[in-house]
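The structure appears below as structure tokens.
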Amino acid sequence: MQELSDNVLMLKVKSGDIDKLGLLYERHKKRLFGFFFNMNCDAMTSEDLVQNVFIRMLKYKHTYTGEGSFLAWMFSTARNVNNDHYQKNKRNQNQFDISTVEYKLDDGNIADGKMTKKDALEELDRAMMKLAVDKREILVLSKLKEMKFSEIGQVLGCSEGTAKVKAHRALKELKVVFKQMQKQ
């Protein structure tokens, strides 16, 4: 079964072979957990949200067409689960911990070599916290989850070009915020 694509597996789930959802879960649970953890920095909540994604995928299996990217459909569902969770619980969404992700930073080139990699990651974490949730989300999808812009466009309900522009603007804003914080 491992050789079956995600699209084929989800189409089998749609046709009533619910066991195939377990294979999709095994393939994508870590990726989804990383997405949620990067958005809210709460491991227990992230685990719950991953489960909610698969429950929702099962509930709305009839809406899956098999056209386009399964990942885009799955992350659209994940995005909705995340938004619904925070709308329902009215929790603070500013708990992003970028230090859990390996960033490739130029050693010695940050702030004239005065910051260590750990310090730079902490600064980057604080800078990410200052971004709006939608900008943080697109950076997580594009840079941390390494999704294609065509898939991000499907997730966000926009074109590939618009997704690229949004990611570029978010990255540009992050850079400005990061530099302002370093001057302080």
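Here, A, B, ... name the chains of the structure tokens in the order displayed, residue numbers run from 1 inside each chain, and ligands are numbered from 1 in the same displayed order.
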
(message) Quick one: residues within 6 Å of Glu160 in chain A, only C-alpha atoms, excluding same-chain residues fewer than 6 positions away - as a VMD selection string?
(response) chain A and resid 149 to 150 153

(request) Measuring atom to atom with only C-alpha atoms, identify which of A:Leu71, A:Leu171, A:Ile138, A:Lys61 is nearest to Ile18 in chain A. (result)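 Ranking A:Leu71, A:Leu171, A:Ile138, A:Lys61 by distance to Ile18 in chain A, first place goes to A:Lys61.
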
(message) Restricting the calculation to only C-alpha atoms: of A:Thr63, A:Asn89, A:Gln180, A:Thr162, which residue gets closest to Ser15 in chain A?
(response)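 Of the candidates, the smallest distance to Ser15 in chain A is held by A:Thr63.
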